[in-house]
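target-v8.cif follows; it contains mmCIF, C-alpha atoms, pLDDT in the B column; chains and numbers go by the auth columns.
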```cif
data_query
loop_
_atom_site.group_PDB
_atom_site.id
_atom_site.type_symbol
_atom_site.label_atom_id
_atom_site.label_comp_id
_atom_site.label_asym_id
_atom_site.label_seq_id
_atom_site.Cartn_x
_atom_site.Cartn_y
_atom_site.Cartn_z
_atom_site.B_iso_or_equiv
_atom_site.auth_seq_id
_atom_site.auth_asym_id
ATOM 1 C CA MET A 1 0.000 0.000 0.000 83.00 1 T
ATOM 2 C CA LEU A 2 2.767 2.394 0.901 87.00 2 T
ATOM 3 C CA ALA A 3 4.494 1.759 -2.426 90.00 3 T
ATOM 4 C CA LEU A 4 1.346 2.788 -4.287 93.00 4 T
ATOM 5 C CA VAL A 5 0.890 5.887 -2.125 93.00 5 T
ATOM 6 C CA SER A 6 4.501 6.946 -2.547 93.00 6 T
ATOM 7 C CA GLN A 7 4.205 6.476 -6.316 94.00 7 T
ATOM 8 C CA ILE A 8 1.058 8.626 -6.416 95.00 8 T
ATOM 9 C CA THR A 9 2.801 11.252 -4.281 95.00 9 T
ATOM 10 C CA LEU A 10 5.839 11.267 -6.556 95.00 10 T
ATOM 11 C CA VAL A 11 3.636 11.611 -9.635 96.00 11 T
ATOM 12 C CA MET A 12 1.810 14.576 -8.092 95.00 12 T
ATOM 13 C CA LEU A 13 5.098 16.216 -7.166 96.00 13 T
ATOM 14 C CA GLY A 14 6.356 15.599 -10.698 95.00 14 T
ATOM 15 C CA VAL A 15 3.286 17.277 -12.151 96.00 15 T
ATOM 16 C CA ALA A 16 3.880 20.202 -9.786 95.00 16 T
ATOM 17 C CA LEU A 17 7.489 20.404 -10.996 95.00 17 T
ATOM 18 C CA LEU A 18 6.296 20.456 -14.612 96.00 18 T
ATOM 19 C CA ILE A 19 3.837 23.262 -13.859 95.00 19 T
ATOM 20 C CA ALA A 20 6.570 25.266 -12.120 94.00 20 T
ATOM 21 C CA LEU A 21 8.763 24.650 -15.185 95.00 21 T
ATOM 22 C CA ILE A 22 6.015 26.071 -17.408 94.00 22 T
ATOM 23 C CA ARG A 23 5.979 29.235 -15.301 93.00 23 T
ATOM 24 C CA LEU A 24 9.782 29.300 -15.393 93.00 24 T
ATOM 25 C CA ILE A 25 9.746 29.247 -19.192 94.00 25 T
ATOM 26 C CA LYS A 26 6.715 31.508 -19.689 89.00 26 T
ATOM 27 C CA GLY A 27 7.236 34.026 -16.904 78.00 27 T
ATOM 28 C CA PRO A 28 6.983 37.512 -18.401 85.00 28 T
ATOM 29 C CA THR A 29 9.377 39.175 -15.978 86.00 29 T
ATOM 30 C CA LEU A 30 12.489 38.087 -14.124 88.00 30 T
ATOM 31 C CA PRO A 31 10.858 37.983 -10.634 90.00 31 T
ATOM 32 C CA ASP A 32 8.303 35.486 -12.001 92.00 32 T
ATOM 33 C CA ARG A 33 11.164 33.210 -12.894 92.00 33 T
ATOM 34 C CA ILE A 34 12.741 33.720 -9.472 92.00 34 T
ATOM 35 C CA VAL A 35 9.464 32.700 -7.810 93.00 35 T
ATOM 36 C CA ALA A 36 9.306 29.636 -10.044 93.00 36 T
ATOM 37 C CA MET A 37 12.886 28.678 -9.162 93.00 37 T
ATOM 38 C CA ASP A 38 12.146 29.086 -5.455 92.00 38 T
ATOM 39 C CA LEU A 39 9.121 26.809 -5.752 93.00 39 T
ATOM 40 C CA PHE A 40 11.228 24.410 -7.805 93.00 40 T
ATOM 41 C CA GLY A 41 13.762 24.071 -4.983 93.00 41 T
ATOM 42 C CA VAL A 42 11.086 23.425 -2.359 94.00 42 T
ATOM 43 C CA LEU A 43 9.412 20.817 -4.593 95.00 43 T
ATOM 44 C CA VAL A 44 12.717 19.036 -5.198 95.00 44 T
ATOM 45 C CA VAL A 45 13.287 18.919 -1.434 95.00 45 T
ATOM 46 C CA GLY A 46 9.832 17.365 -1.014 94.00 46 T
ATOM 47 C CA PHE A 47 10.580 14.854 -3.770 95.00 47 T
ATOM 48 C CA ILE A 48 13.801 13.756 -2.075 95.00 48 T
ATOM 49 C CA VAL A 49 12.102 13.529 1.312 94.00 49 T
ATOM 50 C CA VAL A 50 9.377 11.257 -0.095 94.00 50 T
ATOM 51 C CA LEU A 51 12.032 9.110 -1.802 94.00 51 T
ATOM 52 C CA ALA A 52 13.949 8.813 1.483 93.00 52 T
ATOM 53 C CA GLY A 53 10.810 7.954 3.423 92.00 53 T
ATOM 54 C CA SER A 54 9.638 5.304 0.985 92.00 54 T
ATOM 55 C CA SER A 55 13.007 3.647 0.394 91.00 55 T
ATOM 56 C CA GLY A 56 14.372 3.942 3.921 88.00 56 T
ATOM 57 C CA VAL A 57 17.726 5.390 2.909 88.00 57 T
ATOM 58 C CA ARG A 58 18.455 8.012 5.551 87.00 58 T
ATOM 59 C CA ALA A 59 21.515 9.490 3.862 88.00 59 T
ATOM 60 C CA THR A 60 19.277 10.981 1.163 91.00 60 T
ATOM 61 C CA LEU A 61 17.931 13.486 3.692 92.00 61 T
ATOM 62 C CA ASP A 62 21.356 15.173 3.824 92.00 62 T
ATOM 63 C CA ALA A 63 21.031 15.953 0.129 93.00 63 T
ATOM 64 C CA ALA A 64 17.644 17.517 0.870 93.00 64 T
ATOM 65 C CA ILE A 65 19.230 19.752 3.528 94.00 65 T
ATOM 66 C CA VAL A 66 21.910 20.901 1.082 94.00 66 T
ATOM 67 C CA ILE A 67 19.375 21.593 -1.677 94.00 67 T
ATOM 68 C CA ALA A 68 17.185 23.650 0.675 93.00 68 T
ATOM 69 C CA LEU A 69 20.201 25.736 1.712 94.00 69 T
ATOM 70 C CA VAL A 70 21.452 26.324 -1.833 94.00 70 T
ATOM 71 C CA GLY A 71 17.949 27.196 -3.045 92.00 71 T
ATOM 72 C CA PHE A 72 17.561 29.850 -0.361 93.00 72 T
ATOM 73 C CA LEU A 73 20.950 31.368 -1.131 94.00 73 T
ATOM 74 C CA GLY A 74 20.155 31.388 -4.850 93.00 74 T
ATOM 75 C CA THR A 75 16.856 33.167 -4.250 93.00 75 T
ATOM 76 C CA ILE A 76 18.556 35.846 -2.148 93.00 76 T
ATOM 77 C CA ALA A 77 21.262 36.319 -4.788 92.00 77 T
ATOM 78 C CA TYR A 78 18.714 36.659 -7.609 90.00 78 T
ATOM 79 C CA ALA A 79 16.686 39.162 -5.595 89.00 79 T
ATOM 80 C CA THR A 80 19.789 41.248 -4.932 87.00 80 T
ATOM 81 C CA TYR A 81 20.508 41.204 -8.659 86.00 81 T
ATOM 82 C CA VAL A 82 16.973 42.330 -9.489 84.00 82 T
ATOM 83 C CA GLU A 83 17.120 45.142 -6.962 79.00 83 T
ATOM 84 C CA GLY A 84 20.143 46.359 -8.878 72.00 84 T
ATOM 85 C CA GLY A 85 21.994 47.978 -6.049 59.00 85 T
ATOM 86 C CA ASP A 86 24.847 47.246 -3.759 54.00 86 T
ATOM 87 C CA PRO A 87 24.473 44.051 -1.769 48.00 87 T
ATOM 88 C CA ARG A 88 24.069 45.567 1.649 48.00 88 T
ATOM 89 C CA MET B 1 -1.064 2.137 11.406 84.00 1 N
ATOM 90 C CA THR B 2 2.036 4.098 10.532 87.00 2 N
ATOM 91 C CA ASP B 3 1.446 3.268 6.875 90.00 3 N
ATOM 92 C CA ILE B 4 -2.075 4.693 6.969 93.00 4 N
ATOM 93 C CA LEU B 5 -0.911 7.827 8.784 93.00 5 N
ATOM 94 C CA THR B 6 1.961 8.290 6.355 94.00 6 N
ATOM 95 C CA ALA B 7 -0.360 7.806 3.392 94.00 7 N
ATOM 96 C CA ILE B 8 -2.793 10.460 4.634 95.00 8 N
ATOM 97 C CA VAL B 9 -0.086 12.999 5.398 95.00 9 N
ATOM 98 C CA TRP B 10 1.760 12.398 2.130 95.00 10 N
ATOM 99 C CA MET B 11 -1.375 12.744 0.048 95.00 11 N
ATOM 100 C CA ALA B 12 -2.200 16.020 1.809 95.00 12 N
ATOM 101 C CA GLY B 13 1.357 17.286 1.371 95.00 13 N
ATOM 102 C CA SER B 14 1.584 16.476 -2.321 95.00 14 N
ATOM 103 C CA GLY B 15 -1.856 18.013 -2.832 95.00 15 N
ATOM 104 C CA PHE B 16 -0.694 21.257 -1.235 95.00 16 N
ATOM 105 C CA ALA B 17 2.494 21.212 -3.311 95.00 17 N
ATOM 106 C CA LEU B 18 0.448 20.722 -6.469 95.00 18 N
ATOM 107 C CA LEU B 19 -1.853 23.585 -5.411 94.00 19 N
ATOM 108 C CA ALA B 20 1.186 25.804 -4.928 94.00 20 N
ATOM 109 C CA ALA B 21 2.363 25.022 -8.454 94.00 21 N
ATOM 110 C CA VAL B 22 -1.095 25.638 -9.905 94.00 22 N
ATOM 111 C CA GLY B 23 -1.250 28.931 -8.025 94.00 23 N
ATOM 112 C CA VAL B 24 2.122 29.973 -9.430 93.00 24 N
ATOM 113 C CA LEU B 25 0.877 29.156 -12.916 93.00 25 N
ATOM 114 C CA ARG B 26 -2.571 30.713 -12.650 92.00 26 N
ATOM 115 C CA MET B 27 -2.164 33.825 -10.510 90.00 27 N
ATOM 116 C CA PRO B 28 -2.066 37.116 -12.431 90.00 28 N
ATOM 117 C CA ASP B 29 0.755 38.923 -10.684 89.00 29 N
ATOM 118 C CA VAL B 30 4.242 38.427 -9.267 90.00 30 N
ATOM 119 C CA PHE B 31 3.078 39.236 -5.759 91.00 31 N
ATOM 120 C CA THR B 32 0.097 36.889 -5.762 91.00 32 N
ATOM 121 C CA ARG B 33 2.257 34.183 -7.322 92.00 33 N
ATOM 122 C CA MET B 34 4.819 34.663 -4.563 91.00 34 N
ATOM 123 C CA GLN B 35 1.992 34.424 -2.016 90.00 35 N
ATOM 124 C CA ALA B 36 0.760 31.110 -3.425 90.00 36 N
ATOM 125 C CA SER B 37 4.262 29.719 -3.760 91.00 37 N
ATOM 126 C CA THR B 38 5.518 30.490 -0.264 92.00 38 N
ATOM 127 C CA LYS B 39 2.453 29.602 1.794 92.00 39 N
ATOM 128 C CA ALA B 40 1.207 26.483 0.077 92.00 40 N
ATOM 129 C CA SER B 41 4.640 25.023 -0.593 92.00 41 N
ATOM 130 C CA THR B 42 5.657 25.491 3.042 93.00 42 N
ATOM 131 C CA LEU B 43 2.542 23.655 4.222 94.00 43 N
ATOM 132 C CA GLY B 44 3.008 20.891 1.646 95.00 44 N
ATOM 133 C CA LEU B 45 6.659 20.358 2.471 95.00 45 N
ATOM 134 C CA GLY B 46 5.816 20.307 6.184 95.00 46 N
ATOM 135 C CA CYS B 47 3.256 17.547 5.585 95.00 47 N
ATOM 136 C CA LEU B 48 5.738 15.547 3.488 95.00 48 N
ATOM 137 C CA LEU B 49 8.382 15.907 6.222 95.00 49 N
ATOM 138 C CA ILE B 50 5.964 14.710 8.925 95.00 50 N
ATOM 139 C CA GLY B 51 5.099 11.693 6.774 94.00 51 N
ATOM 140 C CA ALA B 52 8.755 10.819 6.242 94.00 52 N
ATOM 141 C CA ALA B 53 9.467 11.160 9.976 94.00 53 N
ATOM 142 C CA ILE B 54 6.551 8.833 10.788 93.00 54 N
ATOM 143 C CA GLN B 55 7.653 6.332 8.174 92.00 55 N
ATOM 144 C CA LEU B 56 11.332 6.219 9.123 91.00 56 N
ATOM 145 C CA GLY B 57 10.667 6.279 12.862 88.00 57 N
ATOM 146 C CA ASP B 58 14.291 6.786 13.744 87.00 58 N
ATOM 147 C CA PHE B 59 16.124 9.302 15.891 91.00 59 N
ATOM 148 C CA ALA B 60 18.682 10.194 13.216 90.00 60 N
ATOM 149 C CA ALA B 61 15.989 10.574 10.569 91.00 61 N
ATOM 150 C CA PHE B 62 13.878 12.642 12.966 93.00 62 N
ATOM 151 C CA ILE B 63 16.773 15.010 13.620 93.00 63 N
ATOM 152 C CA ARG B 64 17.372 15.504 9.894 92.00 64 N
ATOM 153 C CA VAL B 65 13.692 15.989 9.135 94.00 65 N
ATOM 154 C CA ALA B 66 13.367 18.509 11.954 94.00 66 N
ATOM 155 C CA THR B 67 16.412 20.354 10.621 93.00 67 N
ATOM 156 C CA ILE B 68 14.916 20.597 7.129 94.00 68 N
ATOM 157 C CA GLY B 69 11.564 21.692 8.553 94.00 69 N
ATOM 158 C CA ALA B 70 13.045 24.387 10.773 94.00 70 N
ATOM 159 C CA PHE B 71 15.232 25.665 7.964 94.00 71 N
ATOM 160 C CA VAL B 72 12.358 25.872 5.496 93.00 72 N
ATOM 161 C CA LEU B 73 10.048 27.486 8.049 93.00 73 N
ATOM 162 C CA LEU B 74 12.691 30.113 8.781 94.00 74 N
ATOM 163 C CA THR B 75 13.851 30.860 5.241 94.00 75 N
ATOM 164 C CA THR B 76 10.681 30.763 3.141 93.00 76 N
ATOM 165 C CA PRO B 77 9.147 33.971 4.617 93.00 77 N
ATOM 166 C CA VAL B 78 12.493 35.731 4.260 93.00 78 N
ATOM 167 C CA SER B 79 12.852 34.759 0.615 93.00 79 N
ATOM 168 C CA GLY B 80 9.254 35.756 -0.098 92.00 80 N
ATOM 169 C CA LEU B 81 9.810 39.152 1.506 92.00 81 N
ATOM 170 C CA VAL B 82 13.034 39.699 -0.431 92.00 82 N
ATOM 171 C CA ILE B 83 11.447 38.705 -3.754 91.00 83 N
ATOM 172 C CA ALA B 84 8.428 40.964 -3.177 90.00 84 N
ATOM 173 C CA ARG B 85 10.596 43.912 -2.144 88.00 85 N
ATOM 174 C CA ALA B 86 12.972 43.527 -5.075 88.00 86 N
ATOM 175 C CA SER B 87 10.203 43.138 -7.620 87.00 87 N
ATOM 176 C CA TYR B 88 8.265 46.114 -6.217 85.00 88 N
ATOM 177 C CA PHE B 89 11.268 48.387 -6.358 82.00 89 N
ATOM 178 C CA ALA B 90 12.153 47.080 -9.818 81.00 90 N
ATOM 179 C CA ASP B 91 8.753 48.392 -11.041 78.00 91 N
ATOM 180 C CA VAL B 92 7.222 45.070 -11.897 81.00 92 N
ATOM 181 C CA PRO B 93 3.637 45.770 -13.017 80.00 93 N
ATOM 182 C CA LEU B 94 0.923 45.206 -10.457 83.00 94 N
ATOM 183 C CA TRP B 95 -2.255 43.388 -11.317 83.00 95 N
ATOM 184 C CA LYS B 96 -5.051 45.573 -12.764 82.00 96 N
ATOM 185 C CA GLY B 97 -7.388 44.630 -9.928 80.00 97 N
ATOM 186 C CA THR B 98 -4.978 45.652 -7.183 79.00 98 N
ATOM 187 C CA VAL B 99 -6.990 47.559 -4.583 79.00 99 N
ATOM 188 C CA LEU B 100 -4.348 49.070 -2.322 76.00 100 N
ATOM 189 C CA ASP B 101 -0.776 50.069 -2.950 75.00 101 N
ATOM 190 C CA GLU B 102 0.382 51.753 0.230 71.00 102 N
ATOM 191 C CA ARG B 103 3.658 52.962 -1.185 69.00 103 N
ATOM 192 C CA ARG B 104 1.998 54.720 -4.132 68.00 104 N
ATOM 193 C CA ALA B 105 2.531 58.458 -4.434 60.00 105 N
ATOM 194 C CA GLY B 106 -0.372 60.423 -3.000 56.00 106 N
ATOM 195 C CA THR B 107 -1.858 57.687 -0.867 54.00 107 N
ATOM 196 C CA ASN B 108 -0.479 59.249 2.262 52.00 108 N
ATOM 197 C CA GLY B 109 0.254 62.605 0.682 47.00 109 N
ATOM 198 C CA GLU B 110 3.908 61.923 0.117 51.00 110 N
ATOM 199 C CA GLU B 111 6.311 60.792 -2.519 50.00 111 N
ATOM 200 C CA ARG B 112 6.435 57.221 -3.613 52.00 112 N
ATOM 201 C CA ALA B 113 9.088 55.396 -1.694 52.00 113 N
ATOM 202 C CA THR B 114 11.895 54.242 -3.898 51.00 114 N
ATOM 203 C CA LEU B 115 15.337 52.849 -3.554 48.00 115 N
ATOM 204 C CA ARG B 116 16.704 55.131 -6.242 49.00 116 N
ATOM 205 C CA PRO B 117 15.820 58.719 -5.330 49.00 117 N
ATOM 206 C CA GLY B 118 16.396 60.175 -8.794 48.00 118 N
ATOM 207 C CA LYS B 119 13.650 58.171 -10.417 49.00 119 N
ATOM 208 C CA LYS B 120 10.230 59.505 -11.201 47.00 120 N
ATOM 209 C CA PRO B 121 7.341 57.988 -9.268 46.00 121 N
ATOM 210 C CA ILE B 122 4.978 55.806 -11.180 45.00 122 N
ATOM 211 C CA ARG B 123 1.672 57.329 -12.168 44.00 123 N
ATOM 212 C CA ASP B 124 -1.340 55.631 -10.598 43.00 124 N
ATOM 213 C CA GLY B 125 0.835 52.965 -9.077 45.00 125 N
ATOM 214 C CA VAL B 126 0.362 50.722 -12.090 44.00 126 N
ATOM 215 C CA VAL B 127 2.943 50.424 -14.822 43.00 127 N
ATOM 216 C CA THR B 128 2.440 48.603 -18.047 40.00 128 N
ATOM 217 C CA GLU B 129 5.976 47.595 -18.862 42.00 129 N
ATOM 218 C CA LEU B 130 9.309 47.165 -17.200 45.00 130 N
ATOM 219 C CA SER B 131 11.356 50.318 -17.151 46.00 131 N
ATOM 220 C CA PRO B 132 15.009 49.997 -18.117 47.00 132 N
ATOM 221 C CA ARG B 133 17.253 49.881 -15.106 47.00 133 N
ATOM 222 C CA LYS B 134 20.740 51.102 -14.602 46.00 134 N
ATOM 223 C CA ARG B 135 23.379 48.437 -14.693 44.00 135 N
ATOM 224 C CA ARG B 136 26.558 48.845 -12.805 42.00 136 N
#
```
If you convert what's in this file into C-alpha cells, what do you get?
Amino acid sequence: MLALVSQITLVMLGVALLIALIRLIKGPTLPDRIVAMDLFGVLVVGFIVVLAGSSGVRATLDAAIVIALVGFLGTIAYATYVEGGDPR
Amino acid sequence: MTDILTAIVWMAGSGFALLAAVGVLRMPDVFTRMQASTKASTLGLGCLLIGAAIQLGDFAAFIRVATIGAFVLLTTPVSGLVIARASYFADVPLWKGTVLDERRAGTNGEERATLRPGKKPIRDGVVTELSPRKRR
C-alpha cells in the first residue's frame, strides 16, 4: 500500500514540478522566474524527502538539507541582482 | 497504522504542493504568485516531512527531518519578503485589480518610496511595462 501511495505522491510532485517549469519558461518578468525557481527548490526537497521515506535510505535526507540551503541562497542572490543595487 | 498515517499525510502534502504550483501558474501577478508559492509550498513540504518522519521512525531521521523543517520554516518567509521587495522596487507591473498600494505616491500625501531617489514615481501605481534599469 505504501508503495502505491509513494508512487502517487511522486507523480503529483512531478506534475507540480512540470507546472513550475512552465511558469519558469513563460514568466513575463524576471521575478516570475525567481518565484518559479524558489518553488522548484522546495518541490525538489519534497521529492527527495518522499524518496527517502519510501526507500528507507536516511543518507538521502542530507542531500535535501543541502538543496534547501542552496535554493535559499540562490533566491537571495537573484533578488539582490533584481534590486540592482549594492548588496548591503 | 504508521502506513495509513503516512499515506494520509503524504497525500495532503503532495496536494498542497500541487496547489502551490497551480497557483504559481494561474495567478495574475508576481506578488500573488509569490503568495501562493511560499504559503502552500511550506505547508506541503511540512506535511511531506511529517510523513517521512513517521515512516522512518528513527532518531537520526527525525533530527534531519526537523532540521529541514526548521530551515524551510525560517527561510521561506524571508525569501518571499526579499522577492516581493525587489520586484516592487524594480517596477514590476501590479495586477489591474490591485486595490491598495500603500507605497503609491499620494496615498499618504507623500512621494512614492523608492530605492533610487532620482527616479520619477509611477503614475497611478500601475505600470504597463518594465522600465530599463541602470546596470553597474
Dump as a tab-separated table the rows for residues of chain T within 7 Å of chain N: closest atom pair and distance in Å with one decimal, all atoms listed in the file counted, ordered by chain and rising residue number.
```
residue	atom	partner	partner_atom	distance
T:Leu2	CA	N:Asp3	CA	6.2
T:Val5	CA	N:Ala7	CA	6.0
T:Thr9	CA	N:Ser14	CA	5.7
T:Met12	CA	N:Ser14	CA	6.1
T:Leu13	CA	N:Ser14	CA	6.0
T:Ala16	CA	N:Leu18	CA	4.8
T:Ile19	CA	N:Ala21	CA	5.9
T:Ala20	CA	N:Ala21	CA	5.6
T:Arg23	CA	N:Leu25	CA	5.6
T:Pro31	CA	N:Ser87	CA	6.0
T:Asp32	CA	N:Val30	CA	5.7
T:Val35	CA	N:Met34	CA	6.0
T:Leu39	CA	N:Ser37	CA	6.0
T:Val42	CA	N:Ser41	CA	6.9
T:Gly46	CA	N:Leu45	CA	5.6
T:Val49	CA	N:Ala52	CA	6.5
T:Val50	CA	N:Ala52	CA	6.4
T:Gly53	CA	N:Ala52	CA	4.5
T:Gly56	CA	N:Leu56	CA	6.4
T:Arg58	CA	N:Ala61	CA	6.2
T:Leu61	CA	N:Arg64	CA	6.5
T:Ile65	CA	N:Ile68	CA	5.7
T:Phe72	CA	N:Thr75	CA	6.8
T:Thr75	CA	N:Ser79	CA	6.5
T:Ile76	CA	N:Ser79	CA	6.4
T:Ala79	CA	N:Ile83	CA	5.6
T:Val82	CA	N:Ala86	CA	6.1
T:Glu83	CA	N:Ala86	CA	4.8
T:Gly84	CA	N:Arg135	CA	7.0
```
Tell me, in Å to one decimal, how far atom CA of N:Pro28 is from atom CA of N:Trp95.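 Here the two named atoms are 6.4 Å from each other.
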Could you check which residues have any atom within 9 Å of (17.0, 21.5, -0.6), counting all atoms listed in the file with coordinates taken straight from the file, and then list them as a CSV table (one decimal) with C-alpha atoms, in the frame of the given file?
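Resulting contents of result-v2.csv:
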```csv
chain,number,residue,atom,x,y,z
T,41,GLY,CA,13.8,24.1,-5.0
T,42,VAL,CA,11.1,23.4,-2.4
T,43,LEU,CA,9.4,20.8,-4.6
T,44,VAL,CA,12.7,19.0,-5.2
T,45,VAL,CA,13.3,18.9,-1.4
T,46,GLY,CA,9.8,17.4,-1.0
T,48,ILE,CA,13.8,13.8,-2.1
T,62,ASP,CA,21.4,15.2,3.8
T,63,ALA,CA,21.0,16.0,0.1
T,64,ALA,CA,17.6,17.5,0.9
T,65,ILE,CA,19.2,19.8,3.5
T,66,VAL,CA,21.9,20.9,1.1
T,67,ILE,CA,19.4,21.6,-1.7
T,68,ALA,CA,17.2,23.6,0.7
T,69,LEU,CA,20.2,25.7,1.7
T,70,VAL,CA,21.5,26.3,-1.8
T,71,GLY,CA,17.9,27.2,-3.0
T,72,PHE,CA,17.6,29.8,-0.4
N,68,ILE,CA,14.9,20.6,7.1
N,72,VAL,CA,12.4,25.9,5.5
```
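Nearest-residue note for T:Leu17: choosing from T:Val57, T:Ala77, T:Leu51, T:Met37, the minimum distance belongs to T:Met37, counting only C-alpha atoms.
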Would you mind completing stretch 9-31 of chain T to N, CA and C atoms and writing the output as a PDB file, in the frame of the given file?
```pdb
ATOM      1  N   THR T   9       2.225  10.003  -4.781  1.00 95.00           N
ATOM      2  CA  THR T   9       2.801  11.252  -4.281  1.00 95.00           C
ATOM      3  C   THR T   9       3.907  11.771  -5.201  1.00 95.00           C
ATOM      4  N   LEU T  10       4.754  10.840  -5.666  1.00 95.00           N
ATOM      5  CA  LEU T  10       5.839  11.267  -6.556  1.00 95.00           C
ATOM      6  C   LEU T  10       5.301  11.766  -7.890  1.00 95.00           C
ATOM      7  N   VAL T  11       4.223  11.142  -8.377  1.00 96.00           N
ATOM      8  CA  VAL T  11       3.636  11.611  -9.635  1.00 96.00           C
ATOM      9  C   VAL T  11       3.051  13.005  -9.461  1.00 96.00           C
ATOM     10  N   MET T  12       2.373  13.241  -8.309  1.00 95.00           N
ATOM     11  CA  MET T  12       1.810  14.576  -8.092  1.00 95.00           C
ATOM     12  C   MET T  12       2.905  15.626  -7.966  1.00 95.00           C
ATOM     13  N   LEU T  13       3.990  15.262  -7.278  1.00 96.00           N
ATOM     14  CA  LEU T  13       5.098  16.216  -7.166  1.00 96.00           C
ATOM     15  C   LEU T  13       5.757  16.449  -8.527  1.00 96.00           C
ATOM     16  N   GLY T  14       5.802  15.410  -9.365  1.00 95.00           N
ATOM     17  CA  GLY T  14       6.356  15.599 -10.698  1.00 95.00           C
ATOM     18  C   GLY T  14       5.498  16.514 -11.555  1.00 95.00           C
ATOM     19  N   VAL T  15       4.183  16.373 -11.424  1.00 96.00           N
ATOM     20  CA  VAL T  15       3.286  17.277 -12.151  1.00 96.00           C
ATOM     21  C   VAL T  15       3.472  18.716 -11.656  1.00 96.00           C
ATOM     22  N   ALA T  16       3.644  18.868 -10.335  1.00 95.00           N
ATOM     23  CA  ALA T  16       3.880  20.202  -9.786  1.00 95.00           C
ATOM     24  C   ALA T  16       5.188  20.783 -10.316  1.00 95.00           C
ATOM     25  N   LEU T  17       6.221  19.932 -10.436  1.00 95.00           N
ATOM     26  CA  LEU T  17       7.489  20.404 -10.996  1.00 95.00           C
ATOM     27  C   LEU T  17       7.325  20.835 -12.445  1.00 95.00           C
ATOM     28  N   LEU T  18       6.520  20.081 -13.204  1.00 96.00           N
ATOM     29  CA  LEU T  18       6.296  20.456 -14.612  1.00 96.00           C
ATOM     30  C   LEU T  18       5.569  21.794 -14.707  1.00 96.00           C
ATOM     31  N   ILE T  19       4.577  22.002 -13.820  1.00 95.00           N
ATOM     32  CA  ILE T  19       3.837  23.262 -13.859  1.00 95.00           C
ATOM     33  C   ILE T  19       4.750  24.429 -13.493  1.00 95.00           C
ATOM     34  N   ALA T  20       5.613  24.216 -12.476  1.00 94.00           N
ATOM     35  CA  ALA T  20       6.570  25.266 -12.120  1.00 94.00           C
ATOM     36  C   ALA T  20       7.536  25.523 -13.265  1.00 94.00           C
ATOM     37  N   LEU T  21       7.875  24.473 -14.028  1.00 95.00           N
ATOM     38  CA  LEU T  21       8.763  24.650 -15.185  1.00 95.00           C
ATOM     39  C   LEU T  21       8.080  25.470 -16.272  1.00 95.00           C
ATOM     40  N   ILE T  22       6.755  25.256 -16.432  1.00 94.00           N
ATOM     41  CA  ILE T  22       6.015  26.071 -17.408  1.00 94.00           C
ATOM     42  C   ILE T  22       6.090  27.543 -17.029  1.00 94.00           C
ATOM     43  N   ARG T  23       5.904  27.836 -15.727  1.00 93.00           N
ATOM     44  CA  ARG T  23       5.979  29.235 -15.301  1.00 93.00           C
ATOM     45  C   ARG T  23       7.402  29.765 -15.446  1.00 93.00           C
ATOM     46  N   LEU T  24       8.386  28.880 -15.240  1.00 93.00           N
ATOM     47  CA  LEU T  24       9.782  29.300 -15.393  1.00 93.00           C
ATOM     48  C   LEU T  24      10.085  29.661 -16.838  1.00 93.00           C
ATOM     49  N   ILE T  25       9.495  28.936 -17.781  1.00 94.00           N
ATOM     50  CA  ILE T  25       9.746  29.247 -19.192  1.00 94.00           C
ATOM     51  C   ILE T  25       8.916  30.449 -19.632  1.00 94.00           C
ATOM     52  N   LYS T  26       7.635  30.493 -19.201  1.00 89.00           N
ATOM     53  CA  LYS T  26       6.715  31.508 -19.689  1.00 89.00           C
ATOM     54  C   LYS T  26       6.931  32.870 -19.066  1.00 89.00           C
ATOM     55  N   GLY T  27       7.312  32.848 -17.758  1.00 78.00           N
ATOM     56  CA  GLY T  27       7.236  34.026 -16.904  1.00 78.00           C
ATOM     57  C   GLY T  27       7.598  35.328 -17.569  1.00 78.00           C
ATOM     58  N   PRO T  28       6.708  36.311 -17.603  1.00 85.00           N
ATOM     59  CA  PRO T  28       6.983  37.512 -18.401  1.00 85.00           C
ATOM     60  C   PRO T  28       8.121  38.362 -17.845  1.00 85.00           C
ATOM     61  N   THR T  29       8.299  38.368 -16.548  1.00 86.00           N
ATOM     62  CA  THR T  29       9.377  39.175 -15.978  1.00 86.00           C
ATOM     63  C   THR T  29      10.352  38.279 -15.226  1.00 86.00           C
ATOM     64  N   LEU T  30      11.470  38.860 -14.844  1.00 88.00           N
ATOM     65  CA  LEU T  30      12.489  38.087 -14.124  1.00 88.00           C
ATOM     66  C   LEU T  30      12.033  37.639 -12.730  1.00 88.00           C
ATOM     67  N   PRO T  31      11.325  38.472 -11.939  1.00 90.00           N
ATOM     68  CA  PRO T  31      10.858  37.983 -10.634  1.00 90.00           C
ATOM     69  C   PRO T  31       9.908  36.796 -10.726  1.00 90.00           C
TER      70      PRO T  31
END
```
